[in-house]
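J.: To be precise about what I am sending: the file is called input_8.txt and holds compact mmCIF, C-alpha atoms.
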# COMPACT_ATOMS: atom_id res chain seq x y z
CA MET A 1 18.67 13.76 -16.68
CA PRO A 2 16.55 10.59 -16.25
CA TYR A 3 14.96 9.18 -19.40
CA GLN A 4 11.17 9.13 -19.48
CA THR A 5 8.66 7.92 -22.05
CA THR A 6 4.98 6.96 -22.16
CA LEU A 7 3.73 3.72 -23.69
CA SER A 8 0.19 3.36 -24.99
CA ILE A 9 -1.01 -0.24 -24.78
CA ALA A 10 -4.23 -1.63 -26.26
CA ALA A 11 -5.93 -4.08 -23.91
CA PRO A 12 -8.89 -5.49 -25.85
CA ARG A 13 -10.12 -7.57 -22.91
CA ARG A 14 -9.34 -8.70 -19.34
CA GLY A 15 -6.05 -10.56 -19.24
CA THR A 16 -2.26 -10.16 -19.34
CA TYR A 17 -0.21 -8.37 -22.00
CA ASN A 18 3.55 -8.87 -22.19
CA ILE A 19 5.28 -5.46 -22.25
CA THR A 20 8.83 -6.69 -21.55
CA ASP A 21 10.14 -5.79 -25.03
CA LYS A 22 8.68 -2.28 -24.87
CA VAL A 23 10.31 -1.64 -21.50
CA SER A 24 13.59 -3.08 -22.83
CA HIS A 25 13.48 -0.65 -25.73
CA ALA A 26 13.08 2.24 -23.31
CA VAL A 27 16.13 1.06 -21.38
CA THR A 28 18.18 0.92 -24.59
CA ALA A 29 16.97 4.38 -25.64
CA SER A 30 17.93 5.78 -22.22
CA GLY A 31 21.58 4.84 -22.58
CA VAL A 32 21.64 3.93 -18.87
CA GLN A 33 24.15 1.17 -18.08
CA THR A 34 23.54 0.71 -14.34
CA GLY A 35 20.38 1.75 -12.53
CA VAL A 36 16.66 0.98 -12.47
CA ALA A 37 13.67 1.08 -14.82
CA HIS A 38 10.45 2.27 -13.22
CA ILE A 39 7.10 1.34 -14.79
CA PHE A 40 3.82 2.97 -13.75
CA VAL A 41 0.21 2.59 -14.96
CA GLN A 42 -1.81 5.81 -14.82
CA HIS A 43 -5.06 3.95 -14.07
CA THR A 44 -6.91 2.39 -11.14
CA SER A 45 -8.48 -0.64 -12.83
CA CYS A 46 -5.45 -2.28 -14.43
CA SER A 47 -2.06 -3.08 -12.96
CA LEU A 48 1.38 -4.62 -13.50
CA THR A 49 2.87 -7.94 -12.51
CA ILE A 50 6.09 -9.83 -13.12
CA THR A 51 5.44 -13.54 -13.56
CA GLU A 52 6.41 -16.67 -15.51
CA ASN A 53 6.73 -16.04 -19.24
CA ALA A 54 6.68 -19.63 -20.50
CA ASP A 55 3.38 -21.39 -19.79
CA PRO A 56 0.31 -19.21 -20.45
CA ASP A 57 -1.62 -21.37 -17.96
CA VAL A 58 0.25 -19.56 -15.17
CA ARG A 59 -1.41 -16.26 -16.09
CA ARG A 60 -4.78 -17.98 -16.43
CA ASP A 61 -4.38 -19.43 -12.93
CA LEU A 62 -3.38 -16.02 -11.52
CA GLU A 63 -6.69 -14.78 -12.92
CA THR A 64 -8.48 -17.67 -11.16
CA VAL A 65 -6.92 -16.73 -7.82
CA LEU A 66 -7.84 -13.04 -8.23
CA SER A 67 -11.40 -13.87 -9.30
CA ARG A 68 -11.95 -15.64 -5.99
CA VAL A 69 -10.54 -12.86 -3.84
CA ALA A 70 -12.27 -10.09 -5.79
CA PRO A 71 -15.18 -11.57 -7.78
CA ASP A 72 -17.14 -9.56 -10.34
CA GLY A 73 -20.54 -8.33 -9.19
CA ASP A 74 -20.03 -9.16 -5.53
CA PRO A 75 -23.23 -8.06 -3.70
CA ALA A 76 -21.06 -6.60 -0.91
CA TYR A 77 -19.64 -3.92 -3.25
CA ARG A 78 -21.21 -0.47 -3.02
CA HIS A 79 -19.34 0.89 -6.05
CA ASP A 80 -20.73 -0.49 -9.33
CA THR A 81 -21.12 2.60 -11.53
CA GLU A 82 -19.36 1.06 -14.52
CA GLY A 83 -20.68 -2.51 -14.26
CA PRO A 84 -19.98 -5.74 -12.36
CA ASP A 85 -16.23 -5.74 -13.23
CA ASP A 86 -15.68 -2.14 -12.02
CA MET A 87 -15.04 -2.63 -8.30
CA ALA A 88 -13.43 -6.04 -8.87
CA ALA A 89 -10.91 -4.25 -11.11
CA HIS A 90 -10.02 -1.71 -8.39
CA ALA A 91 -9.54 -4.51 -5.84
CA ARG A 92 -7.37 -6.59 -8.19
CA THR A 93 -5.27 -3.49 -8.82
CA MET A 94 -4.75 -3.03 -5.07
CA LEU A 95 -3.63 -6.67 -4.67
CA THR A 96 -1.13 -6.51 -7.55
CA ASP A 97 1.08 -3.52 -8.57
CA VAL A 98 0.47 -0.06 -9.99
CA ALA A 99 4.24 0.52 -10.06
CA LEU A 100 7.19 -1.82 -10.63
CA THR A 101 10.90 -1.18 -10.57
CA VAL A 102 13.39 -3.49 -12.33
CA PRO A 103 17.20 -3.26 -12.04
CA VAL A 104 19.27 -2.31 -15.09
CA GLY A 105 22.83 -3.65 -15.50
CA ASN A 106 25.14 -3.67 -18.54
CA GLY A 107 22.54 -1.52 -20.29
CA ARG A 108 19.72 -4.06 -20.09
CA LEU A 109 16.89 -5.19 -17.77
CA LEU A 110 18.21 -7.64 -15.17
CA LEU A 111 15.24 -10.00 -15.33
CA GLY A 112 15.51 -13.67 -14.44
CA THR A 113 15.19 -16.20 -17.27
CA TRP A 114 11.50 -16.89 -16.61
CA GLN A 115 10.39 -13.37 -15.71
CA GLY A 116 8.13 -11.35 -18.00
CA ILE A 117 6.63 -7.92 -17.30
CA TYR A 118 2.86 -7.88 -17.86
CA LEU A 119 0.15 -5.28 -18.04
CA PHE A 120 -2.73 -6.92 -16.15
CA GLU A 121 -6.01 -5.59 -17.54
CA HIS A 122 -8.84 -6.11 -15.06
CA ARG A 123 -11.74 -4.54 -17.01
CA THR A 124 -13.66 -6.81 -19.37
CA SER A 125 -14.23 -4.10 -22.02
CA PRO A 126 -11.51 -2.81 -24.42
CA GLN A 127 -9.16 -0.22 -22.92
CA GLN A 128 -6.22 1.89 -24.06
CA ARG A 129 -3.69 2.15 -21.21
CA ARG A 130 -0.93 4.67 -20.54
CA ILE A 131 2.27 3.43 -18.89
CA VAL A 132 5.05 5.84 -17.88
CA VAL A 133 8.57 4.35 -18.01
CA THR A 134 11.37 6.23 -16.23
CA VAL A 135 14.98 5.03 -16.36
CA LEU A 136 17.36 6.29 -13.67
CA GLY A 137 21.10 5.68 -13.39
CA ALA A 138 24.25 6.30 -15.36
CA MET B 1 21.64 15.18 -3.86
CA PRO B 2 18.18 13.51 -3.67
CA TYR B 3 15.54 15.38 -1.71
CA GLN B 4 14.20 13.61 1.38
CA THR B 5 11.58 14.54 3.95
CA THR B 6 9.45 12.78 6.56
CA LEU B 7 5.68 13.25 6.82
CA SER B 8 3.82 12.64 10.07
CA ILE B 9 0.22 11.62 9.42
CA ALA B 10 -2.51 11.23 12.04
CA ALA B 11 -4.67 8.18 11.41
CA PRO B 12 -7.45 8.33 14.01
CA ARG B 13 -8.97 5.00 12.93
CA ARG B 14 -8.77 2.20 10.33
CA GLY B 15 -9.31 3.55 6.84
CA THR B 16 -7.72 5.51 4.00
CA TYR B 17 -6.12 8.97 4.21
CA ASN B 18 -5.35 10.91 1.03
CA ILE B 19 -1.71 12.06 1.11
CA THR B 20 -1.43 13.08 -2.56
CA ASP B 21 -1.10 16.81 -1.81
CA LYS B 22 1.61 16.23 0.79
CA VAL B 23 3.64 14.13 -1.65
CA SER B 24 3.09 16.76 -4.36
CA HIS B 25 4.48 19.44 -2.05
CA ALA B 26 7.60 17.34 -1.48
CA VAL B 27 8.07 17.06 -5.25
CA THR B 28 7.78 20.84 -5.65
CA ALA B 29 10.21 21.42 -2.77
CA SER B 30 12.71 19.01 -4.38
CA GLY B 31 12.99 21.03 -7.57
CA VAL B 32 13.17 17.76 -9.53
CA GLN B 33 11.74 18.08 -13.05
CA THR B 34 12.11 14.48 -14.29
CA GLY B 35 12.48 11.46 -12.04
CA VAL B 36 10.54 9.54 -9.40
CA ALA B 37 9.01 10.16 -5.97
CA HIS B 38 9.42 7.29 -3.53
CA ILE B 39 7.04 6.97 -0.57
CA PHE B 40 7.68 4.60 2.34
CA VAL B 41 5.80 3.87 5.59
CA GLN B 42 8.07 3.01 8.53
CA HIS B 43 5.50 0.64 10.06
CA THR B 44 4.25 -2.94 9.67
CA SER B 45 0.53 -2.46 10.35
CA CYS B 46 -0.35 0.28 7.88
CA SER B 47 0.45 0.59 4.19
CA LEU B 48 0.07 2.61 1.00
CA THR B 49 -2.17 2.22 -2.02
CA ILE B 50 -2.96 4.17 -5.16
CA THR B 51 -6.65 3.94 -6.02
CA GLU B 52 -9.66 5.88 -7.33
CA ASN B 53 -9.97 9.32 -5.77
CA ALA B 54 -13.57 10.13 -6.75
CA ASP B 55 -16.09 7.77 -5.13
CA PRO B 56 -15.33 7.02 -1.44
CA ASP B 57 -17.28 3.75 -1.82
CA VAL B 58 -14.26 2.37 -3.72
CA ARG B 59 -12.09 2.63 -0.62
CA ARG B 60 -14.85 1.16 1.53
CA ASP B 61 -15.11 -1.81 -0.86
CA LEU B 62 -11.31 -2.30 -0.80
CA GLU B 63 -11.67 -2.58 2.97
CA THR B 64 -14.41 -5.20 2.48
CA VAL B 65 -12.15 -7.28 0.23
CA LEU B 66 -9.24 -7.09 2.70
CA SER B 67 -11.47 -7.96 5.67
CA ARG B 68 -12.37 -11.24 4.00
CA VAL B 69 -8.82 -12.22 3.16
CA ALA B 70 -7.42 -11.14 6.53
CA PRO B 71 -10.26 -10.92 9.06
CA ASP B 72 -9.79 -9.50 12.55
CA GLY B 73 -9.53 -12.05 15.35
CA ASP B 74 -9.12 -15.06 13.08
CA PRO B 75 -8.72 -18.12 15.36
CA ALA B 76 -5.92 -19.38 13.08
CA TYR B 77 -3.66 -16.46 14.04
CA ARG B 78 -1.00 -17.15 16.67
CA HIS B 79 0.06 -13.49 16.98
CA ASP B 80 -2.52 -11.43 18.86
CA THR B 81 -0.46 -9.47 21.40
CA GLU B 82 -2.06 -6.13 20.55
CA GLY B 83 -5.65 -7.27 20.00
CA PRO B 84 -7.83 -8.82 17.29
CA ASP B 85 -6.80 -6.25 14.63
CA ASP B 86 -3.04 -6.76 15.20
CA MET B 87 -2.28 -9.72 12.94
CA ALA B 88 -4.96 -8.72 10.45
CA ALA B 89 -3.10 -5.41 10.07
CA HIS B 90 0.22 -7.15 9.31
CA ALA B 91 -1.46 -9.35 6.69
CA ARG B 92 -3.24 -6.41 5.02
CA THR B 93 0.09 -4.60 4.90
CA MET B 94 1.70 -7.58 3.13
CA LEU B 95 -1.10 -7.67 0.53
CA THR B 96 -0.90 -3.93 -0.24
CA ASP B 97 2.27 -1.75 -0.34
CA VAL B 98 4.82 -0.56 2.21
CA ALA B 99 6.59 1.39 -0.56
CA LEU B 100 5.31 3.14 -3.68
CA THR B 101 7.17 4.95 -6.45
CA VAL B 102 5.44 7.50 -8.70
CA PRO B 103 7.00 9.10 -11.79
CA VAL B 104 7.74 12.85 -11.82
CA GLY B 105 7.62 14.84 -15.08
CA ASN B 106 7.58 18.60 -15.69
CA GLY B 107 8.19 19.03 -11.97
CA ARG B 108 4.98 17.27 -10.84
CA LEU B 109 3.64 13.80 -10.00
CA LEU B 110 2.56 12.00 -13.18
CA LEU B 111 -0.61 10.52 -11.72
CA GLY B 112 -3.60 9.59 -13.86
CA THR B 113 -6.75 11.71 -13.49
CA TRP B 114 -8.43 9.28 -11.07
CA GLN B 115 -5.39 8.23 -9.06
CA GLY B 116 -4.93 9.29 -5.44
CA ILE B 117 -2.16 8.21 -3.07
CA TYR B 118 -3.54 6.89 0.22
CA LEU B 119 -2.14 5.91 3.58
CA PHE B 120 -4.11 2.76 4.44
CA GLU B 121 -4.37 2.48 8.22
CA HIS B 122 -5.13 -1.11 9.26
CA ARG B 123 -5.20 -0.68 13.07
CA THR B 124 -8.52 0.27 14.62
CA SER B 125 -6.99 2.50 17.34
CA PRO B 126 -5.56 6.01 16.66
CA GLN B 127 -2.02 6.04 15.24
CA GLN B 128 0.57 8.62 14.23
CA ARG B 129 2.43 7.38 11.13
CA ARG B 130 5.82 8.33 9.69
CA ILE B 131 6.20 8.34 5.89
CA VAL B 132 9.58 9.00 4.25
CA VAL B 133 9.40 10.71 0.85
CA THR B 134 12.52 10.65 -1.35
CA VAL B 135 12.60 12.43 -4.72
CA LEU B 136 15.27 11.32 -7.22
CA GLY B 137 16.02 12.86 -10.60
CA ALA B 138 17.13 16.14 -12.07
CA MET C 1 27.34 5.55 -10.99
CA PRO C 2 24.73 3.58 -8.95
CA TYR C 3 26.05 0.72 -6.84
CA GLN C 4 24.81 -2.75 -7.78
CA THR C 5 25.45 -6.20 -6.33
CA THR C 6 23.85 -9.64 -6.43
CA LEU C 7 23.08 -11.66 -3.30
CA SER C 8 22.77 -15.43 -3.41
CA ILE C 9 20.46 -16.70 -0.67
CA ALA C 10 19.88 -20.33 0.29
CA ALA C 11 16.23 -21.07 1.02
CA PRO C 12 16.12 -24.67 2.24
CA ARG C 13 12.32 -24.70 2.52
CA ARG C 14 9.16 -22.57 2.24
CA GLY C 15 9.28 -19.68 4.68
CA THR C 16 10.82 -16.28 5.40
CA TYR C 17 14.54 -15.42 5.49
CA ASN C 18 15.71 -12.14 7.01
CA ILE C 19 18.00 -10.35 4.51
CA THR C 20 18.02 -6.94 6.24
CA ASP C 21 21.71 -7.15 7.24
CA LYS C 22 22.80 -8.14 3.74
CA VAL C 23 20.92 -5.20 2.22
CA SER C 24 22.41 -2.90 4.89
CA HIS C 25 25.90 -4.04 3.94
CA ALA C 26 25.21 -3.17 0.31
CA VAL C 27 24.11 0.32 1.36
CA THR C 28 27.32 0.80 3.35
CA ALA C 29 29.42 -0.48 0.45
CA SER C 30 27.67 1.94 -1.92
CA GLY C 31 28.73 5.03 0.02
CA VAL C 32 25.33 6.57 -0.71
CA GLN C 33 24.18 8.96 2.03
CA THR C 34 20.74 9.95 0.73
CA GLY C 35 18.71 7.94 -1.78
CA VAL C 36 17.04 4.55 -2.10
CA ALA C 37 18.00 0.87 -2.01
CA HIS C 38 16.20 -1.28 -4.57
CA ILE C 39 15.88 -5.04 -4.00
CA PHE C 40 14.74 -7.44 -6.73
CA VAL C 41 14.31 -11.23 -6.86
CA GLN C 42 15.07 -12.75 -10.27
CA HIS C 43 12.48 -15.51 -9.83
CA THR C 44 8.72 -16.05 -10.16
CA SER C 45 8.08 -18.42 -7.24
CA CYS C 46 9.61 -16.48 -4.34
CA SER C 47 9.17 -12.86 -3.34
CA LEU C 48 10.03 -10.11 -0.86
CA THR C 49 8.12 -8.60 2.01
CA ILE C 50 8.78 -6.09 4.77
CA THR C 51 7.10 -7.15 8.01
CA GLU C 52 7.48 -7.33 11.79
CA ASN C 53 10.91 -8.57 12.87
CA ALA C 54 10.16 -9.40 16.51
CA ASP C 55 7.61 -12.21 16.88
CA PRO C 56 8.18 -15.12 14.42
CA ASP C 57 4.47 -15.98 14.76
CA VAL C 58 3.73 -12.96 12.55
CA ARG C 59 5.51 -14.59 9.61
CA ARG C 60 3.83 -17.92 10.34
CA ASP C 61 0.44 -16.19 10.27
CA LEU C 62 1.28 -14.42 6.98
CA GLU C 63 1.90 -17.91 5.59
CA THR C 64 -1.51 -19.01 6.90
CA VAL C 65 -3.23 -16.12 5.13
CA LEU C 66 -1.42 -16.84 1.84
CA SER C 67 -2.15 -20.57 2.05
CA ARG C 68 -5.87 -19.81 2.10
CA VAL C 69 -5.78 -17.42 -0.84
CA ALA C 70 -3.45 -19.60 -2.93
CA PRO C 71 -3.53 -23.17 -1.58
CA ASP C 72 -1.15 -25.87 -2.81
CA GLY C 73 -2.63 -28.37 -5.25
CA ASP C 74 -5.81 -26.42 -5.90
CA PRO C 75 -7.84 -28.45 -8.46
CA ALA C 76 -8.65 -25.20 -10.31
CA TYR C 77 -4.99 -24.70 -11.30
CA ARG C 78 -4.01 -25.77 -14.82
CA HIS C 79 -0.29 -25.24 -14.26
CA ASP C 80 1.22 -28.00 -12.09
CA THR C 81 4.37 -29.05 -13.97
CA GLU C 82 6.62 -28.81 -10.93
CA GLY C 83 4.24 -30.17 -8.28
CA PRO C 84 1.37 -28.99 -6.06
CA ASP C 85 3.33 -25.98 -4.71
CA ASP C 86 4.29 -24.70 -8.19
CA MET C 87 1.27 -22.57 -9.12
CA ALA C 88 0.61 -21.63 -5.49
CA ALA C 89 4.13 -20.15 -5.46
CA HIS C 90 3.47 -18.01 -8.55
CA ALA C 91 0.21 -16.71 -7.03
CA ARG C 92 1.83 -15.90 -3.67
CA THR C 93 4.55 -14.04 -5.56
CA MET C 94 1.92 -11.95 -7.37
CA LEU C 95 0.21 -11.05 -4.06
CA THR C 96 3.45 -10.00 -2.34
CA ASP C 97 6.47 -8.21 -3.93
CA VAL C 98 9.09 -9.10 -6.53
CA ALA C 99 10.71 -5.68 -6.01
CA LEU C 100 11.03 -3.45 -2.94
CA THR C 101 12.55 0.01 -2.54
CA VAL C 102 13.67 1.32 0.87
CA PRO C 103 14.81 4.89 1.55
CA VAL C 104 18.44 5.56 2.54
CA GLY C 105 19.33 8.49 4.82
CA ASN C 106 22.55 9.29 6.70
CA GLY C 107 24.12 6.38 4.86
CA ARG C 108 21.77 3.70 6.24
CA LEU C 109 18.41 2.04 5.51
CA LEU C 110 15.56 4.16 6.93
CA LEU C 111 13.55 1.24 8.26
CA GLY C 112 11.14 1.57 11.16
CA THR C 113 12.08 -0.11 14.45
CA TRP C 114 9.98 -3.21 13.79
CA GLN C 115 10.58 -3.56 10.05
CA GLY C 116 12.66 -6.42 8.65
CA ILE C 117 13.26 -7.23 4.97
CA TYR C 118 12.47 -10.86 4.17
CA LEU C 119 12.95 -13.19 1.25
CA PHE C 120 9.68 -15.12 1.14
CA GLU C 121 10.32 -18.55 -0.32
CA HIS C 122 7.12 -20.11 -1.65
CA ARG C 123 8.48 -23.43 -2.99
CA THR C 124 8.64 -26.33 -0.54
CA SER C 125 11.90 -27.77 -1.97
CA PRO C 126 15.37 -26.22 -1.37
CA GLN C 127 16.21 -23.26 -3.61
CA GLN C 128 19.15 -20.94 -4.20
CA ARG C 129 17.83 -17.42 -4.94
CA ARG C 130 19.43 -14.45 -6.68
CA ILE C 131 18.57 -10.97 -5.43
CA VAL C 132 19.86 -7.84 -7.20
CA VAL C 133 20.43 -4.84 -4.91
CA THR C 134 20.85 -1.42 -6.54
CA VAL C 135 21.58 1.70 -4.47
CA LEU C 136 20.82 5.08 -6.06
CA GLY C 137 21.57 8.53 -4.65
CA ALA C 138 24.52 10.60 -3.54
Mind converting the file's structure to structure tokens?

T.:
Amino acid sequence: MPYQTTLSIAAPRRGTYNITDKVSHAVTASGVQTGVAHIFVQHTSCSLTITENADPDVRRDLETVLSRVAPDGDPAYRHDTEGPDDMAAHARTMLTDVALTVPVGNGRLLLGTWQGIYLFEHRTSPQQRRIVVTVLGA
Amino acid sequence: MPYQTTLSIAAPRRGTYNITDKVSHAVTASGVQTGVAHIFVQHTSCSLTITENADPDVRRDLETVLSRVAPDGDPAYRHDTEGPDDMAAHARTMLTDVALTVPVGNGRLLLGTWQGIYLFEHRTSPQQRRIVVTVLGA
Amino acid sequence: MPYQTTLSIAAPRRGTYNITDKVSHAVTASGVQTGVAHIFVQHTSCSLTITENADPDVRRDLETVLSRVAPDGDPAYRHDTEGPDDMAAHARTMLTDVALTVPVGNGRLLLGTWQGIYLFEHRTSPQQRRIVVTVLGA
């Protein structure tokens, strides 16, 4: 039977939140030695990304790139029910990842040295986010 | 043995087509209680996205964002064999998802309340699209 | 037990490298008849994409689109430790895919006729890239 658990992550503001350790703990709890860990956000205005875990400027610059492609309060948006960051958040979610899958080997996540797994919160107001982690393998 | 089936979806024009129910049926047919459902388009000019299922303006605005990043008939494109929407469609596919994986728990898709699974057709002419659904778990 | 192997791919310069055959060989070696093949780059400045395998202009045009969204040496970037292509590479990675999953049926990758799997190198200098392939199923 695959192992499955739900994480609840506080995202007090727009930005990135490192969840690598929490996903690692799920892999350990699963007992899976070889397989994959699947991570899924149950929301449409935040997402996931794997990026450099050393220099925080990288994540700031990712935000800069996204803010150009999908700016807050763009007059072209028709959907703005929850404020100027609402539609921008949906677009940023589309351009990044709602779901990620990471290989598991020797009972641990097979990430590269510089890879971290991040929740990418795209709303500017505080949110509580649910992330389902499923570990498959043997 | 994993469960696998192929969906054939008519996409009469560019835009989004909700396939959540069809993927849900595949999960039910699989008998899998805990695991993941994998969804894959066998094409390079349409894609998949999970986004808000309530206000159709959200999907229209996603289209607006993509049309700026990858406009039809851009003079910089070298590939235009099938018309002005051809290369734009490949680029939009790259920026969204060819494959999506959704967790399965208690025998059903573990989607958030506002999440729908959409085929995102990027060609302007009518297409018939093949989507392979594979359900893994137990 | 899932099958897992690591590919080492030379990427002498920025651009796309077709790895479809190497992933196919892993599927054959796995013996899996029905399931999925998961492909994962252990880096933060290269990525994966599935796109058209016929006209090389398609991949050149994808590069054109990415170079507009995440140009080299953008003065807005704060992170530039490894040169003007450093942060651009991280952003291009975010907008494409670090991980891809492809269905397996009848013991082979269920790709569409025009789909190829590409390593997308975003650094301009020569790199050696590690890609973990995991095949799940039965």

J.: Chain B residues within 10 Å of chain C, counting only C-alpha atoms: which ones, as a PyMOL selection string?

T.: chain B and resi 1-5+38-45+69-71+74+76-81+86-88+90-101+130-137

J.: Kindly give the distance, in Å, that separates CA of Gln127 (chain C) and CA of Pro12 (chain C), rounded to a single decimal.

T.: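 Here the two named atoms are 6.0 Å from each other.
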
J.: If you take every atom of region 18-30 of chain B that the file lists and fit an axis-aligned box around them with 4 Å extra on each side, what centre and edge lengths come out in Å to one decimal, as AutoDock Vina command-line options?

T.:
--center_x 3.7 --center_y 16.2 --center_z -2.3 --size_x 26.1 --size_y 18.5 --size_z 14.8

J.: What does the distance between CA of Arg14 (chain A) and CA of Glu82 (chain A) come to in Å, to one decimal place?

T.: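 Computing the Euclidean distance for CA of Arg14 (chain A) and CA of Glu82 (chain A) yields 14.8 Å.
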
J.: Write out as a PDB file with C-alpha atoms, in the frame of the given file each polymer residue whose atoms come within 8 Å of Asn18 (chain A), counting all atoms listed in the file; drop sequence neighbours fewer than 2 positions from it.

T.:
ATOM      1  CA  THR A  16      -2.260 -10.160 -19.340  1.00  0.00           C
ATOM      2  CA  THR A  20       8.830  -6.690 -21.550  1.00  0.00           C
ATOM      3  CA  ASP A  21      10.140  -5.790 -25.030  1.00  0.00           C
ATOM      4  CA  GLY A 116       8.130 -11.350 -18.000  1.00  0.00           C
ATOM      5  CA  ILE A 117       6.630  -7.920 -17.300  1.00  0.00           C
ATOM      6  CA  TYR A 118       2.860  -7.880 -17.860  1.00  0.00           C
ATOM      7  CA  LEU A 119       0.150  -5.280 -18.040  1.00  0.00           C
TER       8      LEU A 119
END

J.: Go ahead and compute the interatomic distance for CA of Ser47 (chain B) and CA of Lys22 (chain B), in Å to one decimal.

T.: 16.0 Å
